[in-house]
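Content type compact mmCIF, C-alpha atoms, from the file final.txt:
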```txt
# COMPACT_ATOMS: atom_id res chain seq x y z
CA MET A 19 7.98 -12.21 -30.96
CA PRO A 20 7.14 -9.71 -33.70
CA LYS A 21 9.72 -7.08 -34.70
CA TYR A 22 7.61 -4.43 -32.94
CA TYR A 23 8.33 -6.03 -29.56
CA ASP A 24 12.09 -6.18 -30.20
CA GLU A 25 12.11 -2.52 -31.17
CA LEU A 26 10.03 -1.62 -28.10
CA ASP A 27 12.37 -3.63 -25.86
CA ASP A 28 15.45 -1.86 -27.24
CA VAL A 29 13.88 1.60 -26.85
CA ILE A 30 12.64 1.04 -23.28
CA ARG A 31 15.97 -0.42 -22.16
CA ALA A 32 17.78 2.51 -23.75
CA LEU A 33 15.56 4.95 -21.84
CA ALA A 34 15.86 3.07 -18.52
CA ASP A 35 18.87 5.17 -17.54
CA PRO A 36 18.82 8.81 -16.38
CA THR A 37 21.95 9.82 -18.34
CA ARG A 38 20.50 8.48 -21.58
CA ARG A 39 17.14 10.18 -20.90
CA ALA A 40 18.98 13.47 -20.26
CA VAL A 41 20.71 13.07 -23.65
CA VAL A 42 17.33 12.55 -25.33
CA GLU A 43 15.94 15.64 -23.57
CA ARG A 44 18.89 17.71 -24.80
CA LEU A 45 18.62 16.40 -28.37
CA ALA A 46 14.88 17.07 -28.50
CA LYS A 47 15.84 20.77 -28.62
CA SER A 48 18.42 20.42 -31.44
CA PRO A 49 21.24 18.18 -32.70
CA ALA A 50 24.53 18.56 -30.80
CA VAL A 51 28.17 17.58 -31.09
CA VAL A 52 29.46 14.90 -28.72
CA SER A 53 31.71 17.21 -26.66
CA GLU A 54 28.78 19.58 -26.01
CA LEU A 55 26.48 16.66 -25.16
CA ALA A 56 28.98 15.12 -22.74
CA GLU A 57 29.77 18.37 -20.94
CA PRO A 58 27.02 18.38 -18.26
CA PHE A 59 27.89 14.84 -17.13
CA ALA A 60 30.57 14.05 -14.57
CA MET A 61 31.63 10.99 -16.51
CA ALA A 62 34.68 9.80 -18.44
CA LEU A 63 34.20 10.18 -22.19
CA PRO A 64 34.42 6.41 -22.93
CA SER A 65 31.55 5.78 -20.46
CA PHE A 66 29.52 8.55 -22.04
CA MET A 67 30.19 7.16 -25.54
CA GLN A 68 28.91 3.79 -24.33
CA HIS A 69 25.59 5.45 -23.42
CA LEU A 70 25.42 7.03 -26.87
CA ARG A 71 26.10 3.62 -28.39
CA VAL A 72 23.12 2.08 -26.54
CA LEU A 73 20.87 4.90 -27.78
CA GLU A 74 22.17 4.53 -31.34
CA ASP A 75 21.80 0.72 -31.34
CA ALA A 76 18.20 1.17 -30.19
CA GLY A 77 17.58 3.55 -33.09
CA VAL A 78 16.79 6.45 -30.75
CA ILE A 79 19.62 8.65 -32.05
CA SER A 80 21.77 8.79 -35.15
CA SER A 81 25.20 10.36 -35.55
CA GLU A 82 27.36 11.65 -38.36
CA LYS A 83 31.07 12.42 -38.36
CA HIS A 84 32.54 15.37 -40.24
CA GLY A 85 36.29 15.55 -39.82
CA ARG A 86 36.90 15.09 -36.11
CA VAL A 87 33.45 16.27 -35.03
CA ARG A 88 30.57 13.86 -34.47
CA THR A 89 27.08 15.37 -34.51
CA VAL A 90 24.27 13.49 -32.78
CA THR A 91 20.58 13.80 -33.72
CA LEU A 92 17.38 12.50 -32.15
CA ARG A 93 15.78 10.32 -34.83
CA PRO A 94 12.33 11.68 -35.76
CA GLY A 95 9.70 9.14 -34.78
CA ALA A 96 12.21 7.07 -32.81
CA LEU A 97 10.03 7.06 -29.70
CA ASP A 98 6.79 6.34 -31.59
CA VAL A 99 6.98 2.62 -30.80
CA LEU A 100 6.80 3.39 -27.07
CA HIS A 101 4.10 6.01 -27.58
CA LEU A 102 2.04 3.47 -29.50
CA TRP A 103 2.51 0.77 -26.84
CA LEU A 104 1.49 3.17 -24.06
CA GLY A 105 -1.66 4.10 -25.97
CA GLN A 106 -2.59 0.43 -26.17
CA GLN A 107 -2.36 0.02 -22.37
CA ARG A 108 -5.28 2.29 -21.60
CA THR A 109 -7.79 0.57 -19.33
CA PRO A 110 -11.47 0.42 -20.35
CA ALA A 111 -12.14 3.14 -17.71
CA GLU A 112 -9.52 5.37 -19.29
CA HIS A 113 -10.94 4.79 -22.78
CA GLN A 114 -14.38 5.75 -21.50
CA ALA A 115 -13.02 8.83 -19.73
CA GLU A 116 -11.28 9.84 -22.95
CA ARG A 117 -14.50 9.48 -24.94
CA LEU A 118 -16.20 11.68 -22.35
CA GLY A 119 -13.36 14.19 -22.63
CA ILE A 120 -12.30 13.95 -18.99
CA HIS A 121 -8.99 12.98 -17.41
CA LEU A 122 -8.99 10.56 -14.51
CA THR A 123 -5.68 11.29 -12.80
CA ARG A 124 -3.64 13.39 -15.19
CA LYS A 125 -0.50 14.52 -13.37
CA GLU A 126 0.94 17.66 -14.97
CA THR A 127 3.98 17.81 -12.65
CA MET B 19 15.97 15.64 -8.90
CA PRO B 20 12.27 16.52 -8.71
CA LYS B 21 9.79 13.84 -7.67
CA TYR B 22 8.61 13.61 -11.28
CA TYR B 23 11.99 12.20 -12.36
CA ASP B 24 12.02 9.59 -9.57
CA GLU B 25 8.53 8.46 -10.58
CA LEU B 26 9.54 8.37 -14.26
CA ASP B 27 12.66 6.36 -13.41
CA ASP B 28 10.66 3.80 -11.42
CA VAL B 29 8.05 3.42 -14.17
CA ILE B 30 10.57 3.04 -17.03
CA ARG B 31 12.65 0.52 -15.08
CA ALA B 32 9.50 -1.43 -14.24
CA LEU B 33 8.58 -1.56 -17.94
CA ALA B 34 12.11 -2.50 -19.10
CA ASP B 35 11.27 -6.19 -18.83
CA PRO B 36 9.11 -8.19 -21.26
CA THR B 37 7.36 -10.21 -18.53
CA ARG B 38 6.33 -7.08 -16.69
CA ARG B 39 5.14 -5.45 -19.92
CA ALA B 40 3.07 -8.54 -20.70
CA VAL B 41 1.46 -8.24 -17.24
CA VAL B 42 0.59 -4.60 -17.97
CA GLU B 43 -0.88 -5.59 -21.36
CA ARG B 44 -3.05 -8.25 -19.68
CA LEU B 45 -4.22 -5.89 -16.91
CA ALA B 46 -5.10 -3.15 -19.39
CA LYS B 47 -8.01 -5.43 -20.37
CA SER B 48 -9.27 -6.05 -16.81
CA PRO B 49 -8.05 -6.76 -13.26
CA ALA B 50 -6.95 -10.38 -12.68
CA VAL B 51 -6.07 -12.70 -9.83
CA VAL B 52 -2.40 -13.66 -9.41
CA SER B 53 -2.80 -17.32 -10.43
CA GLU B 54 -4.50 -16.29 -13.68
CA LEU B 55 -1.85 -13.62 -14.35
CA ALA B 56 1.02 -16.04 -13.73
CA GLU B 57 -0.39 -18.82 -15.90
CA PRO B 58 1.03 -17.83 -19.33
CA PHE B 59 4.58 -17.56 -17.96
CA ALA B 60 6.98 -20.50 -17.67
CA MET B 61 8.28 -19.18 -14.38
CA ALA B 62 8.29 -20.23 -10.72
CA LEU B 63 5.65 -18.34 -8.72
CA PRO B 64 8.19 -16.58 -6.42
CA SER B 65 10.00 -15.14 -9.48
CA PHE B 66 6.68 -14.01 -10.91
CA MET B 67 5.69 -12.40 -7.60
CA GLN B 68 9.00 -10.51 -7.67
CA HIS B 69 8.00 -8.99 -11.03
CA LEU B 70 4.63 -7.97 -9.56
CA ARG B 71 6.43 -6.38 -6.62
CA VAL B 72 8.55 -4.23 -8.98
CA LEU B 73 5.41 -3.08 -10.79
CA GLU B 74 3.63 -2.37 -7.50
CA ASP B 75 6.62 -0.47 -6.01
CA ALA B 76 6.69 1.68 -9.17
CA GLY B 77 2.99 2.45 -8.71
CA VAL B 78 2.06 0.80 -12.02
CA ILE B 79 -0.25 -1.78 -10.43
CA SER B 80 -2.08 -2.15 -7.15
CA SER B 81 -3.30 -5.34 -5.49
CA GLU B 82 -5.85 -6.34 -2.91
CA LYS B 83 -6.17 -9.59 -0.99
CA HIS B 84 -9.55 -11.13 -0.19
CA GLY B 85 -9.16 -14.37 1.74
CA ARG B 86 -6.50 -16.32 -0.14
CA VAL B 87 -7.04 -14.58 -3.46
CA ARG B 88 -5.00 -11.53 -4.50
CA THR B 89 -6.48 -9.39 -7.27
CA VAL B 90 -4.17 -7.15 -9.28
CA THR B 91 -5.26 -3.95 -11.04
CA LEU B 92 -3.53 -1.56 -13.44
CA ARG B 93 -3.56 1.82 -11.69
CA PRO B 94 -5.46 4.39 -13.78
CA GLY B 95 -3.06 7.09 -14.90
CA ALA B 96 -0.03 5.09 -13.73
CA LEU B 97 1.70 5.43 -17.09
CA ASP B 98 0.86 9.13 -17.50
CA VAL B 99 4.29 10.20 -16.24
CA LEU B 100 5.95 8.35 -19.14
CA HIS B 101 3.37 9.61 -21.62
CA LEU B 102 4.05 13.16 -20.49
CA TRP B 103 7.83 12.75 -20.74
CA LEU B 104 7.54 11.28 -24.26
CA GLY B 105 5.41 14.24 -25.34
CA GLN B 106 8.12 16.61 -24.14
CA GLN B 107 10.78 14.89 -26.29
CA ARG B 108 9.24 15.90 -29.59
CA THR B 109 11.77 17.58 -31.84
CA PRO B 110 10.99 20.99 -33.35
CA ALA B 111 10.40 19.19 -36.70
CA GLU B 112 7.85 16.89 -35.05
CA HIS B 113 6.09 19.84 -33.38
CA GLN B 114 5.86 21.56 -36.73
CA ALA B 115 4.62 18.38 -38.44
CA GLU B 116 1.98 18.01 -35.76
CA ARG B 117 0.80 21.58 -36.26
CA LEU B 118 0.52 20.83 -39.97
CA GLY B 119 -1.37 17.62 -39.18
CA ILE B 120 1.14 15.30 -40.80
CA HIS B 121 3.13 12.38 -39.42
CA LEU B 122 6.82 12.12 -40.21
CA THR B 123 7.60 8.47 -39.67
CA ARG B 124 4.62 6.94 -37.87
CA LYS B 125 5.16 3.17 -37.67
CA GLU B 126 1.83 1.38 -37.18
CA THR B 127 3.35 -2.11 -36.94
```

Rewrite the coordinates I just gave you, this time as structure tokens.
Amino acid sequence: MPKYYDELDDVIRALADPTRRAVVERLAKSPAVVSELAEPFAMALPSFMQHLRVLEDAGVISSEKHGRVRTVTLRPGALDVLHLWLGQQRTPAEHQAERLGIHLTRKET
Amino acid sequence: MPKYYDELDDVIRALADPTRRAVVERLAKSPAVVSELAEPFAMALPSFMQHLRVLEDAGVISSEKHGRVRTVTLRPGALDVLHLWLGQQRTPAEHQAERLGIHLTRKET
């Protein structure tokens, strides 16, 4: 399997958890320190750190420690691999609709 | 949690498996019958059918049975929910880059 598929697999598995997606949503706004990130979750810190580790191993986030404070950042372009894969799964009907400038079943929930 | 998040959760979990992603890739080209879909996979048919069931429960595919032949189709717009979520996770730097028409770290592997 090419490297692309390994990267895609890591990213999708990292996102297949609501806590980790909520972390990504928060970090899309700005970087944050771990204590601030963990705050909204009713979860022991070691469990939360494990989620961060999965995201970091998948290359979705990066973190940097200054003194006792660890700051976490969403890596720019980290989700591109999934974006690219999704684009490739358009059906011929969707491609045609796109050329015609119409949307078949766009759900803007 | 709004319905959107449930739908997103189902779709991401359905795609967090390489066999199921390969099925989606195949169906993006055209609908296919189950026997044809199953052929490339070294897997017992009941296990393969279980993967199809996960995709169907998540609303990613639909299937129709005519006589003894079941035809599987990728549902148009089924992946839109994930596409939409990904778009919302752009960082401020990515938004700005997009406005300027540049790509930060686009990986076209």

Can you check which parts of chain B lie within 9 Å of chain A? Per residue, the shortest pair of atoms and distance in Å to one decimal, counting all atoms listed in the file, sorted by chain and number, as a Markdown table.
```
| residue | atom | partner | partner_atom | distance |
| --- | --- | --- | --- | --- |
| B:Lys21 | CA | A:Thr127 | CA | 8.6 |
| B:Tyr22 | CA | A:Thr127 | CA | 6.4 |
| B:Tyr23 | CA | A:Pro36 | CA | 8.6 |
| B:Asp27 | CA | A:Ala34 | CA | 6.9 |
| B:Asp28 | CA | A:Ala34 | CA | 8.8 |
| B:Val29 | CA | A:Ala34 | CA | 8.9 |
| B:Ile30 | CA | A:Ala34 | CA | 5.5 |
| B:Arg31 | CA | A:Ala34 | CA | 5.4 |
| B:Ala32 | CA | A:Ala34 | CA | 8.9 |
| B:Leu33 | CA | A:Ile30 | CA | 7.2 |
| B:Ala34 | CA | A:Arg31 | CA | 5.3 |
| B:Asp35 | CA | A:Asp27 | CA | 7.6 |
| B:Pro36 | CA | A:Asp27 | CA | 7.3 |
| B:Val42 | CA | A:Gln107 | CA | 7.0 |
| B:Glu43 | CA | A:Gln107 | CA | 5.9 |
| B:Arg44 | CA | A:Gln107 | CA | 8.7 |
| B:Leu45 | CA | A:Thr109 | CA | 7.8 |
| B:Ala46 | CA | A:Thr109 | CA | 4.6 |
| B:Lys47 | CA | A:Thr109 | CA | 6.1 |
| B:Ser48 | CA | A:Thr109 | CA | 7.2 |
| B:Leu92 | CA | A:Thr109 | CA | 7.6 |
| B:Arg93 | CA | A:Thr109 | CA | 8.8 |
| B:Pro94 | CA | A:Glu112 | CA | 6.9 |
| B:Gly95 | CA | A:Thr123 | CA | 5.4 |
| B:Ala96 | CA | A:Thr123 | CA | 8.4 |
| B:Leu97 | CA | A:Leu104 | CA | 7.3 |
| B:Asp98 | CA | A:Arg124 | CA | 6.6 |
| B:Val99 | CA | A:Lys125 | CA | 7.1 |
| B:Leu100 | CA | A:Leu104 | CA | 8.4 |
| B:His101 | CA | A:His101 | CA | 7.0 |
| B:Leu102 | CA | A:Glu126 | CA | 7.8 |
| B:Leu104 | CA | A:His101 | CA | 7.1 |
| B:Gly105 | CA | A:His101 | CA | 8.6 |
| B:Gln106 | CA | A:Glu43 | CA | 7.9 |
| B:Gln107 | CA | A:Ala46 | CA | 5.1 |
| B:Arg108 | CA | A:Ala46 | CA | 5.9 |
| B:Thr109 | CA | A:Ala46 | CA | 4.6 |
| B:Pro110 | CA | A:Lys47 | CA | 6.8 |
| B:Ala111 | CA | A:Pro94 | CA | 7.8 |
| B:Glu112 | CA | A:Pro94 | CA | 6.9 |
| B:His121 | CA | A:Gly95 | CA | 8.7 |
| B:Leu122 | CA | A:Gly95 | CA | 6.8 |
| B:Thr123 | CA | A:Gly95 | CA | 5.4 |
| B:Arg124 | CA | A:Gly95 | CA | 6.3 |
| B:Lys125 | CA | A:Asp98 | CA | 7.0 |
| B:Glu126 | CA | A:Leu102 | CA | 8.0 |
| B:Thr127 | CA | A:Tyr22 | CA | 6.3 |
```

Between atom CA of Val90 of chain B and atom CA of Val52 of chain B, what is the spacing in Å?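 Atom-to-atom, atom CA of Val52 of chain B and atom CA of Val90 of chain B are spaced 6.7 Å apart.
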
Using 4 Å of padding on each side, determine the axis-aligned box around all atoms of segment 107-119 of chain B present in the file and give its centre and edge lengths in Å to one decimal, as AutoDock Vina command-line options.
```
--center_x 5.2 --center_y 18.2 --center_z -33.1 --size_x 21.1 --size_y 14.7 --size_z 21.7
```

What is the distance between atom CA of Leu55 of chain B and atom CA of His69 of chain B, in Å to one decimal?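 The value is 11.4 Å.
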
Work out how far atom CA of Thr89 of chain B is from atom CA of Phe59 of chain B, in Å to one decimal. 17.4 Å

Among the residues A:Lys83, A:Arg38, A:Arg117, A:Arg88, the one that comes closest to Phe66 of chain A [using all atoms listed in the file]: A:Arg38

Pull out segment 23-38 of chain B, keep N, CA, C and O atoms, and write it as a PDB file, in the first residue's frame.
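Once everything was written out, this is part-v9.pdb:
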```pdb
ATOM      1  N   TYR B  23     -24.138  15.467  13.855  1.00  0.00           N
ATOM      2  CA  TYR B  23     -23.004  14.799  14.483  1.00  0.00           C
ATOM      3  C   TYR B  23     -23.163  13.282  14.487  1.00  0.00           C
ATOM      4  O   TYR B  23     -22.175  12.563  14.376  1.00  0.00           O
ATOM      5  N   ASP B  24     -24.401  12.801  14.642  1.00  0.00           N
ATOM      6  CA  ASP B  24     -24.639  11.353  14.591  1.00  0.00           C
ATOM      7  C   ASP B  24     -24.307  10.818  13.199  1.00  0.00           C
ATOM      8  O   ASP B  24     -23.669   9.776  13.050  1.00  0.00           O
ATOM      9  N   GLU B  25     -24.757  11.562  12.194  1.00  0.00           N
ATOM     10  CA  GLU B  25     -24.529  11.163  10.802  1.00  0.00           C
ATOM     11  C   GLU B  25     -23.020  11.164  10.504  1.00  0.00           C
ATOM     12  O   GLU B  25     -22.496  10.221   9.911  1.00  0.00           O
ATOM     13  N   LEU B  26     -22.346  12.222  10.954  1.00  0.00           N
ATOM     14  CA  LEU B  26     -20.895  12.334  10.768  1.00  0.00           C
ATOM     15  C   LEU B  26     -20.185  11.164  11.440  1.00  0.00           C
ATOM     16  O   LEU B  26     -19.292  10.546  10.855  1.00  0.00           O
ATOM     17  N   ASP B  27     -20.601  10.844  12.671  1.00  0.00           N
ATOM     18  CA  ASP B  27     -19.986   9.760  13.423  1.00  0.00           C
ATOM     19  C   ASP B  27     -20.142   8.428  12.674  1.00  0.00           C
ATOM     20  O   ASP B  27     -19.182   7.675  12.528  1.00  0.00           O
ATOM     21  N   ASP B  28     -21.348   8.168  12.190  1.00  0.00           N
ATOM     22  CA  ASP B  28     -21.593   6.925  11.438  1.00  0.00           C
ATOM     23  C   ASP B  28     -20.716   6.849  10.191  1.00  0.00           C
ATOM     24  O   ASP B  28     -20.135   5.801   9.889  1.00  0.00           O
ATOM     25  N   VAL B  29     -20.637   7.972   9.460  1.00  0.00           N
ATOM     26  CA  VAL B  29     -19.881   7.962   8.197  1.00  0.00           C
ATOM     27  C   VAL B  29     -18.390   7.764   8.471  1.00  0.00           C
ATOM     28  O   VAL B  29     -17.737   6.938   7.827  1.00  0.00           O
ATOM     29  N   ILE B  30     -17.840   8.497   9.449  1.00  0.00           N
ATOM     30  CA  ILE B  30     -16.393   8.363   9.723  1.00  0.00           C
ATOM     31  C   ILE B  30     -16.066   6.955  10.196  1.00  0.00           C
ATOM     32  O   ILE B  30     -15.093   6.348   9.757  1.00  0.00           O
ATOM     33  N   ARG B  31     -16.908   6.398  11.079  1.00  0.00           N
ATOM     34  CA  ARG B  31     -16.635   5.040  11.564  1.00  0.00           C
ATOM     35  C   ARG B  31     -16.715   4.030  10.416  1.00  0.00           C
ATOM     36  O   ARG B  31     -15.933   3.085  10.352  1.00  0.00           O
ATOM     37  N   ALA B  32     -17.661   4.264   9.509  1.00  0.00           N
ATOM     38  CA  ALA B  32     -17.796   3.353   8.363  1.00  0.00           C
ATOM     39  C   ALA B  32     -16.544   3.410   7.483  1.00  0.00           C
ATOM     40  O   ALA B  32     -16.118   2.396   6.924  1.00  0.00           O
ATOM     41  N   LEU B  33     -15.941   4.594   7.393  1.00  0.00           N
ATOM     42  CA  LEU B  33     -14.775   4.755   6.518  1.00  0.00           C
ATOM     43  C   LEU B  33     -13.452   4.417   7.205  1.00  0.00           C
ATOM     44  O   LEU B  33     -12.407   4.387   6.567  1.00  0.00           O
ATOM     45  N   ALA B  34     -13.509   4.153   8.525  1.00  0.00           N
ATOM     46  CA  ALA B  34     -12.284   3.868   9.286  1.00  0.00           C
ATOM     47  C   ALA B  34     -11.861   2.416   9.138  1.00  0.00           C
ATOM     48  O   ALA B  34     -11.423   1.788  10.106  1.00  0.00           O
ATOM     49  N   ASP B  35     -11.997   1.874   7.953  1.00  0.00           N
ATOM     50  CA  ASP B  35     -11.614   0.489   7.680  1.00  0.00           C
ATOM     51  C   ASP B  35     -11.220   0.405   6.210  1.00  0.00           C
ATOM     52  O   ASP B  35     -11.994   0.840   5.348  1.00  0.00           O
ATOM     53  N   PRO B  36     -10.023  -0.150   5.936  1.00  0.00           N
ATOM     54  CA  PRO B  36      -9.533  -0.139   4.544  1.00  0.00           C
ATOM     55  C   PRO B  36     -10.404  -0.935   3.563  1.00  0.00           C
ATOM     56  O   PRO B  36     -10.523  -0.547   2.394  1.00  0.00           O
ATOM     57  N   THR B  37     -11.017  -2.022   4.020  1.00  0.00           N
ATOM     58  CA  THR B  37     -11.895  -2.786   3.123  1.00  0.00           C
ATOM     59  C   THR B  37     -13.086  -1.937   2.715  1.00  0.00           C
ATOM     60  O   THR B  37     -13.455  -1.870   1.535  1.00  0.00           O
ATOM     61  N   ARG B  38     -13.681  -1.289   3.697  1.00  0.00           N
ATOM     62  CA  ARG B  38     -14.866  -0.474   3.394  1.00  0.00           C
ATOM     63  C   ARG B  38     -14.501   0.717   2.514  1.00  0.00           C
ATOM     64  O   ARG B  38     -15.272   1.099   1.627  1.00  0.00           O
TER      65      ARG B  38
END
```
